[in-house]
Each structure stands twice: as structure tokens, then as C-alpha cells.
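Asks: Questions regarding the structure given below will be posed in turn.
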Amino acid sequence: GENVEQHPSTLSVQEGDSAVIKCTYSDSASNYFPWYKQELGKGPQLIIDIRSNVGEKKDQRIAVTLNKTAKHFSLHITETQPEDSAVYFCAAKGTGGSYIPTFGRGTSLIVHP
Amino acid sequence: GAGVSQSPRYKVAKRGQDVALRCDPISGHVSLFWYQQALGQGPEFLTYFQNEAQLDKSGLPSDRFFAERPEGSVSTLKIQRTQQEDSAVYLCASSLAGNTEAFFGQGTRLTVV
């Protein structure tokens with residue numbers, strides 16, 4: 001089955017700095033890669049996703065890049081704000097029999113004002 | 001409502017007690033997933049439904065765990081003879097189809113004492 005590794009487990013930045021979270025996956029058949037933000041006491045919320053037919057996707061201050069050859073993808077947050085503080089999860093999902101999103105272990109992002 | 005709804009939000013059970021957790025997916029969503037999230041960890045897959053059919057239950061940790069979705073909408077996760085290691089947040093997610101984004105509910109925090 002799919003295995004997703006996520007790094008770092010914690011990330012502390014100053015407000016205004018950029019934050020980068022990296023993930024690798026094992027199943028080359030995976031073709032959909034969502035990122036979720038989870039705030040305390042809440043369920044994960046989808047913030048951005050990318051499919052395997054593109055290498056980069058951007059939405060305001062967040063962007064995701066995908067390298068299918070190396071089987072890794074990254075989340076980039078620019079101009080971080082205190083409200084970006086949360087736990088971020090990457091996930092990978094395939095087609096056919098691999099329709100189940102497999103999650104990384106999460107990155108706790110702390111943005112200091 | 002517009003989102004995935006889970007109830008109860010919190011459940012305290014005595015060891016050995018049976019519990020039932022409910023998930024109301026987004027209307028029209030075919031796929032429904034249950035995940036278990038231990039403290040400080042990413043969501044771990046439990047089981048997957050497509051309409052009323054349980055297509056994958058490989059993540060259920062023991063035969064004390066049972067899930068159903070009899071009419072292809074509301075789903076119930078039942079845990080019999082709860083143990084302390086069952087303490088976790090149980091997340092439900094739904095998606096329109098097999099390979100589209102999954103939307104999560106807020107989860108049910110189960111504490112077994």
C-alpha cells in the first residue's frame with residue numbers, strides 16, 4: 001500500500017517568513033495529492049490539492065509543487081501569519097484500488113508574531 | 001447542513017462499554033471514509049464505503065470494530081467492548097466520487113476510562 005512520509009514534524013517561523021513542508025510517497029500510481037490544515041479541536045480542512053498532470057499550483061499565499069519522478073511534493077506558505085498556525089497534513093491518493101487517501105503524520109506549524 | 005456532520009462530538013465510555021458513532025456525509029457524496037486519529041498523529045484509515053457497499057475494511061484494528069451505511073447515506077461506526085487503546089478522535093470524510101477531494105467532519109473524541 002501507499003506510504004507517505006512528512007517532514008518536519010514541527011516548524012517554527014516568524015511572522016512574514018516562508019514555511020515549507022515536504023512529503024514523499026511510495027506508490028507511483030498515486031495521482032492526487034491534497035493538503036489539509038487542522039486546527040485544534042477541528043477536523044482537517046482541505047487547503048490546496050494537486051493532480052499528477054501538473055507540477056505546481058498556487059492559491060494566493062500557498063503553493064504546492066509535485067515531482068512525480070522523485071515521488072515528492074511540497075507545500076509552500078509565503079508571508080506567514082499567526083492564523084496560519086495549525087497542523088498540516090499531506091496525503092496521497094491513487095486510482096483503481098488505491099482510492100483511499102493515505103496521510104502523512106503531520107507538521108505542527110507555529111508562526112510567532 | 002453543507003458539511004459532514006458527526007455526533008456526538010465527545011464520548012466518554014467505561015472500559016467494556018459499546019459505543020456508536022454517527023456520520024452524516026455531504027448530501028450526494030458517494031464515498032465515505034472513517035479514520036482514527038490518535039493524539040499527535042495523522043489520520044489512519046479504518047474503512048471505506050461506496051454508497052452502501054463497504055469496499056474496504058482493512059484498517060479496522062479488530063473484530064470489535066464494525067461500520068455500516070445501510071442506505072448509502074448516514075454511516076455508523078460501532079465499537080464493542082471498548083478498550084483504553086480505542087481512545088482517539090474518529091473522523092468521517094465524504095467525497096463526491098472515488099478520486100475527488102474528501103471533506104472531513106469535526107470528529108468524535110472518544111475517551112475510554
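By order in the C-alpha cells, chains are A, B, ...; within a chain, residues start at 1; ligands start at 1, following the order shown.
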At a cut-off of 12 Å, which residues of chain A touch chain B? Count only C-alpha atoms and give the answer as a PDB file with N, CA and C atoms, in the first residue's frame.

Replies:
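And here's out-v5.pdb as it stands now:
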```pdb
ATOM      1  N   GLY A   1       0.812  -1.205   0.000  1.00  0.00           N
ATOM      2  CA  GLY A   1       0.000   0.000   0.000  1.00  0.00           C
ATOM      3  C   GLY A   1       0.849   1.260   0.000  1.00  0.00           C
ATOM      4  N   GLU A   2       0.164   2.381  -0.027  1.00  0.00           N
ATOM      5  CA  GLU A   2       0.843   3.672  -0.058  1.00  0.00           C
ATOM      6  C   GLU A   2       1.456   3.991   1.308  1.00  0.00           C
ATOM      7  N   ASN A   3       2.627   4.644   1.273  1.00  0.00           N
ATOM      8  CA  ASN A   3       3.281   5.117   2.484  1.00  0.00           C
ATOM      9  C   ASN A   3       3.681   6.568   2.254  1.00  0.00           C
ATOM     10  N   VAL A   4       3.267   7.450   3.138  1.00  0.00           N
ATOM     11  CA  VAL A   4       3.566   8.874   2.995  1.00  0.00           C
ATOM     12  C   VAL A   4       4.405   9.327   4.187  1.00  0.00           C
ATOM     13  N   GLU A   5       5.548   9.909   3.872  1.00  0.00           N
ATOM     14  CA  GLU A   5       6.430  10.451   4.903  1.00  0.00           C
ATOM     15  C   GLU A   5       6.370  11.975   4.829  1.00  0.00           C
ATOM     16  N   GLN A   6       6.341  12.616   5.994  1.00  0.00           N
ATOM     17  CA  GLN A   6       6.198  14.073   6.043  1.00  0.00           C
ATOM     18  C   GLN A   6       7.238  14.654   6.990  1.00  0.00           C
ATOM     19  N   SER A   9       8.354  17.534  11.525  1.00  0.00           N
ATOM     20  CA  SER A   9       7.208  17.286  12.389  1.00  0.00           C
ATOM     21  C   SER A   9       6.766  18.580  13.078  1.00  0.00           C
ATOM     22  N   THR A  10       7.716  19.484  13.316  1.00  0.00           N
ATOM     23  CA  THR A  10       7.373  20.794  13.847  1.00  0.00           C
ATOM     24  C   THR A  10       8.168  21.851  13.084  1.00  0.00           C
ATOM     25  N   SER A  30      -0.125   6.718  -7.421  1.00  0.00           N
ATOM     26  CA  SER A  30      -0.866   7.827  -6.793  1.00  0.00           C
ATOM     27  C   SER A  30      -0.886   9.027  -7.724  1.00  0.00           C
ATOM     28  N   ASN A  31      -2.038   9.668  -7.835  1.00  0.00           N
ATOM     29  CA  ASN A  31      -2.141  10.774  -8.790  1.00  0.00           C
ATOM     30  C   ASN A  31      -2.897  11.986  -8.253  1.00  0.00           C
ATOM     31  N   TYR A  32      -3.178  11.969  -6.959  1.00  0.00           N
ATOM     32  CA  TYR A  32      -3.896  13.104  -6.368  1.00  0.00           C
ATOM     33  C   TYR A  32      -3.296  13.360  -4.994  1.00  0.00           C
ATOM     34  N   PHE A  33      -2.932  14.637  -4.742  1.00  0.00           N
ATOM     35  CA  PHE A  33      -2.180  14.972  -3.543  1.00  0.00           C
ATOM     36  C   PHE A  33      -2.798  16.182  -2.851  1.00  0.00           C
ATOM     37  N   PRO A  34      -3.651  15.954  -1.877  1.00  0.00           N
ATOM     38  CA  PRO A  34      -4.257  17.073  -1.153  1.00  0.00           C
ATOM     39  C   PRO A  34      -3.450  17.444   0.082  1.00  0.00           C
ATOM     40  N   TRP A  35      -3.613  18.682   0.494  1.00  0.00           N
ATOM     41  CA  TRP A  35      -3.037  19.172   1.739  1.00  0.00           C
ATOM     42  C   TRP A  35      -4.178  19.647   2.641  1.00  0.00           C
ATOM     43  N   TYR A  36      -4.073  19.280   3.917  1.00  0.00           N
ATOM     44  CA  TYR A  36      -5.101  19.637   4.871  1.00  0.00           C
ATOM     45  C   TYR A  36      -4.501  20.449   6.014  1.00  0.00           C
ATOM     46  N   LYS A  37      -5.313  21.373   6.531  1.00  0.00           N
ATOM     47  CA  LYS A  37      -4.945  22.158   7.706  1.00  0.00           C
ATOM     48  C   LYS A  37      -5.897  21.754   8.824  1.00  0.00           C
ATOM     49  N   GLN A  38      -5.346  21.426   9.978  1.00  0.00           N
ATOM     50  CA  GLN A  38      -6.186  21.024  11.100  1.00  0.00           C
ATOM     51  C   GLN A  38      -5.913  21.928  12.302  1.00  0.00           C
ATOM     52  N   GLU A  39      -6.924  22.640  12.687  1.00  0.00           N
ATOM     53  CA  GLU A  39      -6.834  23.474  13.882  1.00  0.00           C
ATOM     54  C   GLU A  39      -7.328  22.684  15.087  1.00  0.00           C
ATOM     55  N   LEU A  40      -6.943  23.127  16.247  1.00  0.00           N
ATOM     56  CA  LEU A  40      -7.230  22.393  17.476  1.00  0.00           C
ATOM     57  C   LEU A  40      -8.729  22.144  17.629  1.00  0.00           C
ATOM     58  N   GLY A  41      -9.085  20.889  17.821  1.00  0.00           N
ATOM     59  CA  GLY A  41     -10.481  20.541  18.057  1.00  0.00           C
ATOM     60  C   GLY A  41     -11.341  20.480  16.813  1.00  0.00           C
ATOM     61  N   LYS A  42     -10.711  20.589  15.659  1.00  0.00           N
ATOM     62  CA  LYS A  42     -11.483  20.565  14.416  1.00  0.00           C
ATOM     63  C   LYS A  42     -10.983  19.440  13.502  1.00  0.00           C
ATOM     64  N   GLY A  43     -11.810  19.125  12.518  1.00  0.00           N
ATOM     65  CA  GLY A  43     -11.393  18.149  11.535  1.00  0.00           C
ATOM     66  C   GLY A  43     -10.483  18.777  10.508  1.00  0.00           C
ATOM     67  N   PRO A  44      -9.732  17.970   9.759  1.00  0.00           N
ATOM     68  CA  PRO A  44      -8.858  18.517   8.709  1.00  0.00           C
ATOM     69  C   PRO A  44      -9.676  19.242   7.641  1.00  0.00           C
ATOM     70  N   GLN A  45      -9.143  20.379   7.190  1.00  0.00           N
ATOM     71  CA  GLN A  45      -9.787  21.167   6.142  1.00  0.00           C
ATOM     72  C   GLN A  45      -8.872  21.206   4.923  1.00  0.00           C
ATOM     73  N   LEU A  46      -9.407  20.880   3.774  1.00  0.00           N
ATOM     74  CA  LEU A  46      -8.622  20.927   2.542  1.00  0.00           C
ATOM     75  C   LEU A  46      -8.228  22.368   2.224  1.00  0.00           C
ATOM     76  N   ILE A  47      -6.932  22.597   1.987  1.00  0.00           N
ATOM     77  CA  ILE A  47      -6.483  23.952   1.650  1.00  0.00           C
ATOM     78  C   ILE A  47      -5.993  24.064   0.213  1.00  0.00           C
ATOM     79  N   ILE A  48      -5.448  23.026  -0.311  1.00  0.00           N
ATOM     80  CA  ILE A  48      -4.982  23.027  -1.700  1.00  0.00           C
ATOM     81  C   ILE A  48      -4.721  21.580  -2.103  1.00  0.00           C
ATOM     82  N   ASP A  49      -4.828  21.313  -3.387  1.00  0.00           N
ATOM     83  CA  ASP A  49      -4.530  19.972  -3.869  1.00  0.00           C
ATOM     84  C   ASP A  49      -3.875  20.072  -5.243  1.00  0.00           C
ATOM     85  N   ILE A  50      -3.243  19.000  -5.644  1.00  0.00           N
ATOM     86  CA  ILE A  50      -2.590  18.982  -6.951  1.00  0.00           C
ATOM     87  C   ILE A  50      -2.743  17.591  -7.540  1.00  0.00           C
ATOM     88  N   ARG A  51      -2.915  17.546  -8.830  1.00  0.00           N
ATOM     89  CA  ARG A  51      -3.015  16.270  -9.522  1.00  0.00           C
ATOM     90  C   ARG A  51      -1.731  16.027 -10.296  1.00  0.00           C
ATOM     91  N   ALA A  86      -1.119  25.895  12.833  1.00  0.00           N
ATOM     92  CA  ALA A  86      -2.015  24.735  12.827  1.00  0.00           C
ATOM     93  C   ALA A  86      -1.156  23.508  12.527  1.00  0.00           C
ATOM     94  N   VAL A  87      -1.808  22.357  12.449  1.00  0.00           N
ATOM     95  CA  VAL A  87      -1.127  21.151  11.988  1.00  0.00           C
ATOM     96  C   VAL A  87      -1.510  20.927  10.529  1.00  0.00           C
ATOM     97  N   TYR A  88      -0.512  20.707   9.706  1.00  0.00           N
ATOM     98  CA  TYR A  88      -0.733  20.498   8.280  1.00  0.00           C
ATOM     99  C   TYR A  88      -0.428  19.043   7.925  1.00  0.00           C
ATOM    100  N   PHE A  89      -1.314  18.451   7.147  1.00  0.00           N
ATOM    101  CA  PHE A  89      -1.140  17.066   6.701  1.00  0.00           C
ATOM    102  C   PHE A  89      -1.097  17.009   5.186  1.00  0.00           C
ATOM    103  N   CYS A  90      -0.154  16.245   4.679  1.00  0.00           N
ATOM    104  CA  CYS A  90      -0.182  15.915   3.262  1.00  0.00           C
ATOM    105  C   CYS A  90      -0.834  14.546   3.114  1.00  0.00           C
ATOM    106  N   ALA A  91      -1.310  14.255   1.928  1.00  0.00           N
ATOM    107  CA  ALA A  91      -1.914  12.956   1.659  1.00  0.00           C
ATOM    108  C   ALA A  91      -1.686  12.598   0.199  1.00  0.00           C
ATOM    109  N   ALA A  92      -1.767  11.318  -0.074  1.00  0.00           N
ATOM    110  CA  ALA A  92      -1.636  10.828  -1.442  1.00  0.00           C
ATOM    111  C   ALA A  92      -2.764   9.849  -1.707  1.00  0.00           C
ATOM    112  N   LYS A  93      -3.258   9.884  -2.927  1.00  0.00           N
ATOM    113  CA  LYS A  93      -4.416   9.069  -3.269  1.00  0.00           C
ATOM    114  C   LYS A  93      -4.265   8.601  -4.704  1.00  0.00           C
ATOM    115  N   GLY A  94      -4.598   7.342  -4.949  1.00  0.00           N
ATOM    116  CA  GLY A  94      -4.465   6.808  -6.284  1.00  0.00           C
ATOM    117  C   GLY A  94      -5.797   6.516  -6.914  1.00  0.00           C
ATOM    118  N   THR A  95      -5.746   5.849  -8.025  1.00  0.00           N
ATOM    119  CA  THR A  95      -6.962   5.423  -8.724  1.00  0.00           C
ATOM    120  C   THR A  95      -7.058   3.911  -8.622  1.00  0.00           C
ATOM    121  N   GLY A  96      -8.074   3.374  -9.203  1.00  0.00           N
ATOM    122  CA  GLY A  96      -8.260   1.932  -9.165  1.00  0.00           C
ATOM    123  C   GLY A  96      -8.440   1.474  -7.738  1.00  0.00           C
ATOM    124  N   GLY A  97      -7.594   0.577  -7.298  1.00  0.00           N
ATOM    125  CA  GLY A  97      -7.742   0.068  -5.943  1.00  0.00           C
ATOM    126  C   GLY A  97      -7.220   1.009  -4.874  1.00  0.00           C
ATOM    127  N   SER A  98      -6.506   2.052  -5.271  1.00  0.00           N
ATOM    128  CA  SER A  98      -5.905   2.930  -4.260  1.00  0.00           C
ATOM    129  C   SER A  98      -6.695   4.215  -4.133  1.00  0.00           C
ATOM    130  N   TYR A  99      -7.969   4.147  -3.822  1.00  0.00           N
ATOM    131  CA  TYR A  99      -8.824   5.314  -3.763  1.00  0.00           C
ATOM    132  C   TYR A  99      -8.828   5.929  -2.384  1.00  0.00           C
ATOM    133  N   ILE A 100      -8.077   5.342  -1.450  1.00  0.00           N
ATOM    134  CA  ILE A 100      -8.105   5.790  -0.075  1.00  0.00           C
ATOM    135  C   ILE A 100      -6.972   6.766   0.166  1.00  0.00           C
ATOM    136  N   PRO A 101      -7.269   7.995   0.629  1.00  0.00           N
ATOM    137  CA  PRO A 101      -6.190   8.930   0.934  1.00  0.00           C
ATOM    138  C   PRO A 101      -5.344   8.393   2.086  1.00  0.00           C
ATOM    139  N   THR A 102      -4.027   8.362   1.862  1.00  0.00           N
ATOM    140  CA  THR A 102      -3.090   7.986   2.916  1.00  0.00           C
ATOM    141  C   THR A 102      -2.406   9.250   3.395  1.00  0.00           C
ATOM    142  N   PHE A 103      -2.403   9.460   4.703  1.00  0.00           N
ATOM    143  CA  PHE A 103      -1.914  10.705   5.268  1.00  0.00           C
ATOM    144  C   PHE A 103      -0.501  10.588   5.814  1.00  0.00           C
ATOM    145  N   GLY A 104       0.197  11.712   5.764  1.00  0.00           N
ATOM    146  CA  GLY A 104       1.445  11.834   6.499  1.00  0.00           C
ATOM    147  C   GLY A 104       1.152  12.047   7.976  1.00  0.00           C
ATOM    148  N   ARG A 105       2.195  12.117   8.781  1.00  0.00           N
ATOM    149  CA  ARG A 105       1.998  12.213  10.222  1.00  0.00           C
ATOM    150  C   ARG A 105       1.758  13.642  10.704  1.00  0.00           C
ATOM    151  N   GLY A 106       1.895  14.608   9.807  1.00  0.00           N
ATOM    152  CA  GLY A 106       1.556  15.971  10.188  1.00  0.00           C
ATOM    153  C   GLY A 106       2.755  16.830  10.539  1.00  0.00           C
ATOM    154  N   THR A 107       2.600  18.134  10.304  1.00  0.00           N
ATOM    155  CA  THR A 107       3.601  19.133  10.684  1.00  0.00           C
ATOM    156  C   THR A 107       2.907  20.194  11.502  1.00  0.00           C
ATOM    157  N   SER A 108       3.395  20.407  12.700  1.00  0.00           N
ATOM    158  CA  SER A 108       2.853  21.458  13.542  1.00  0.00           C
ATOM    159  C   SER A 108       3.580  22.756  13.214  1.00  0.00           C
TER     160      SER A 108
END
```

Asks: Within 9 Å of Asn51 (chain B), counting only C-alpha atoms, which residues qualify if same-chain residues fewer than 2 places away don't, as a list in words?

Replies: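 In the requested format, the answer is His29, Val30, Ser31, Leu32, Phe49, Ala53, Gln54, Arg69, Pro70, Glu71, Gly72 and Ser73 of chain B.
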
Asks: Those same residues - N, CA, C and O atoms - I'd like them written as a PDB file, in the first residue's frame.

Replies:
```pdb
ATOM      1  N   HIS B  29     -22.824  12.687  -1.749  1.00  0.00           N
ATOM      2  CA  HIS B  29     -21.473  12.120  -1.798  1.00  0.00           C
ATOM      3  C   HIS B  29     -21.547  10.600  -1.748  1.00  0.00           C
ATOM      4  O   HIS B  29     -22.130  10.008  -0.854  1.00  0.00           O
ATOM      5  N   VAL B  30     -20.882  10.008  -2.720  1.00  0.00           N
ATOM      6  CA  VAL B  30     -20.919   8.557  -2.878  1.00  0.00           C
ATOM      7  C   VAL B  30     -19.962   7.869  -1.913  1.00  0.00           C
ATOM      8  O   VAL B  30     -20.263   6.846  -1.327  1.00  0.00           O
ATOM      9  N   SER B  31     -18.776   8.462  -1.775  1.00  0.00           N
ATOM     10  CA  SER B  31     -17.720   7.821  -0.987  1.00  0.00           C
ATOM     11  C   SER B  31     -17.728   8.311   0.449  1.00  0.00           C
ATOM     12  O   SER B  31     -17.935   9.503   0.703  1.00  0.00           O
ATOM     13  N   LEU B  32     -17.499   7.399   1.374  1.00  0.00           N
ATOM     14  CA  LEU B  32     -17.443   7.752   2.791  1.00  0.00           C
ATOM     15  C   LEU B  32     -16.309   6.981   3.438  1.00  0.00           C
ATOM     16  O   LEU B  32     -16.149   5.768   3.205  1.00  0.00           O
ATOM     17  N   PHE B  49     -16.616   3.210   2.276  1.00  0.00           N
ATOM     18  CA  PHE B  49     -17.878   2.827   1.645  1.00  0.00           C
ATOM     19  C   PHE B  49     -18.033   3.541   0.308  1.00  0.00           C
ATOM     20  O   PHE B  49     -17.682   4.709   0.169  1.00  0.00           O
ATOM     21  N   ALA B  53     -22.130  -0.017  -0.055  1.00  0.00           N
ATOM     22  CA  ALA B  53     -21.183  -1.134  -0.085  1.00  0.00           C
ATOM     23  C   ALA B  53     -19.894  -0.784   0.665  1.00  0.00           C
ATOM     24  O   ALA B  53     -19.247   0.220   0.358  1.00  0.00           O
ATOM     25  N   GLN B  54     -19.522  -1.646   1.586  1.00  0.00           N
ATOM     26  CA  GLN B  54     -18.266  -1.473   2.299  1.00  0.00           C
ATOM     27  C   GLN B  54     -17.173  -2.142   1.479  1.00  0.00           C
ATOM     28  O   GLN B  54     -17.012  -3.360   1.512  1.00  0.00           O
ATOM     29  N   ARG B  69     -23.427   1.376   6.538  1.00  0.00           N
ATOM     30  CA  ARG B  69     -24.005   2.529   5.825  1.00  0.00           C
ATOM     31  C   ARG B  69     -25.186   1.971   5.020  1.00  0.00           C
ATOM     32  O   ARG B  69     -25.150   1.916   3.801  1.00  0.00           O
ATOM     33  N   PRO B  70     -26.215   1.534   5.716  1.00  0.00           N
ATOM     34  CA  PRO B  70     -27.267   0.704   5.102  1.00  0.00           C
ATOM     35  C   PRO B  70     -28.010   1.324   3.928  1.00  0.00           C
ATOM     36  O   PRO B  70     -28.426   0.600   3.022  1.00  0.00           O
ATOM     37  N   GLU B  71     -28.180   2.646   3.922  1.00  0.00           N
ATOM     38  CA  GLU B  71     -28.928   3.273   2.834  1.00  0.00           C
ATOM     39  C   GLU B  71     -28.038   4.165   1.972  1.00  0.00           C
ATOM     40  O   GLU B  71     -28.541   4.988   1.202  1.00  0.00           O
ATOM     41  N   GLY B  72     -26.750   4.004   2.137  1.00  0.00           N
ATOM     42  CA  GLY B  72     -25.822   4.765   1.304  1.00  0.00           C
ATOM     43  C   GLY B  72     -25.693   6.226   1.675  1.00  0.00           C
ATOM     44  O   GLY B  72     -25.145   7.015   0.897  1.00  0.00           O
ATOM     45  N   SER B  73     -26.156   6.578   2.875  1.00  0.00           N
ATOM     46  CA  SER B  73     -26.013   7.971   3.323  1.00  0.00           C
ATOM     47  C   SER B  73     -25.352   7.996   4.693  1.00  0.00           C
ATOM     48  O   SER B  73     -24.134   7.920   4.782  1.00  0.00           O
TER      49      SER B  73
END
```

Asks: So which bits of chain A end up strand (DSSP E) when you DSSP the backbone, as a PyMOL selection string?

Replies: chain A and resi 4-7+10-14+19-25+32-38+45-51+56-59+62-67+72-77+86-92+102-103+107-112

Asks: What lies within 7 Å of Leu21 (chain B) using only C-alpha atoms, ignoring chain neighbours under 2 positions off, as a PyMOL selection string?

Replies: chain B and resi 7-8+19+23+76-78

Asks: How would the residues just picked look written out with C-alpha atoms as a PDB file, in the first residue's frame?

Replies:
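Below you can see selection24.pdb, which holds the result:
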```pdb
ATOM      1  CA  SER B   7     -22.142  13.043  16.538  1.00  0.00           C
ATOM      2  CA  PRO B   8     -21.533  13.001  19.368  1.00  0.00           C
ATOM      3  CA  VAL B  19     -20.294   2.836  21.592  1.00  0.00           C
ATOM      4  CA  CYS B  23     -21.602  10.350  10.456  1.00  0.00           C
ATOM      5  CA  THR B  76     -22.358   4.378  11.953  1.00  0.00           C
ATOM      6  CA  LEU B  77     -19.092   3.157  13.403  1.00  0.00           C
ATOM      7  CA  LYS B  78     -19.635   0.801  16.302  1.00  0.00           C
TER       8      LYS B  78
END
```

Asks: Counting only C-alpha atoms, what is within 6 Å of His72 (chain A), bar same-chain residues fewer than 3 positions away, as a PyMOL selection string?

Replies: chain A and resi 23-24+67

Asks: In Å, with one decimal, what is the gap from CA of Val64 (chain A) to CA of Ala38 (chain B)?

Replies: 26.6 Å

Asks: Distance CA of Ala63 (chain A)-CA of His7 (chain A), one decimal place?

Replies: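 Spanning CA of Ala63 (chain A) to CA of His7 (chain A) is a straight-line distance of 16.6 Å.
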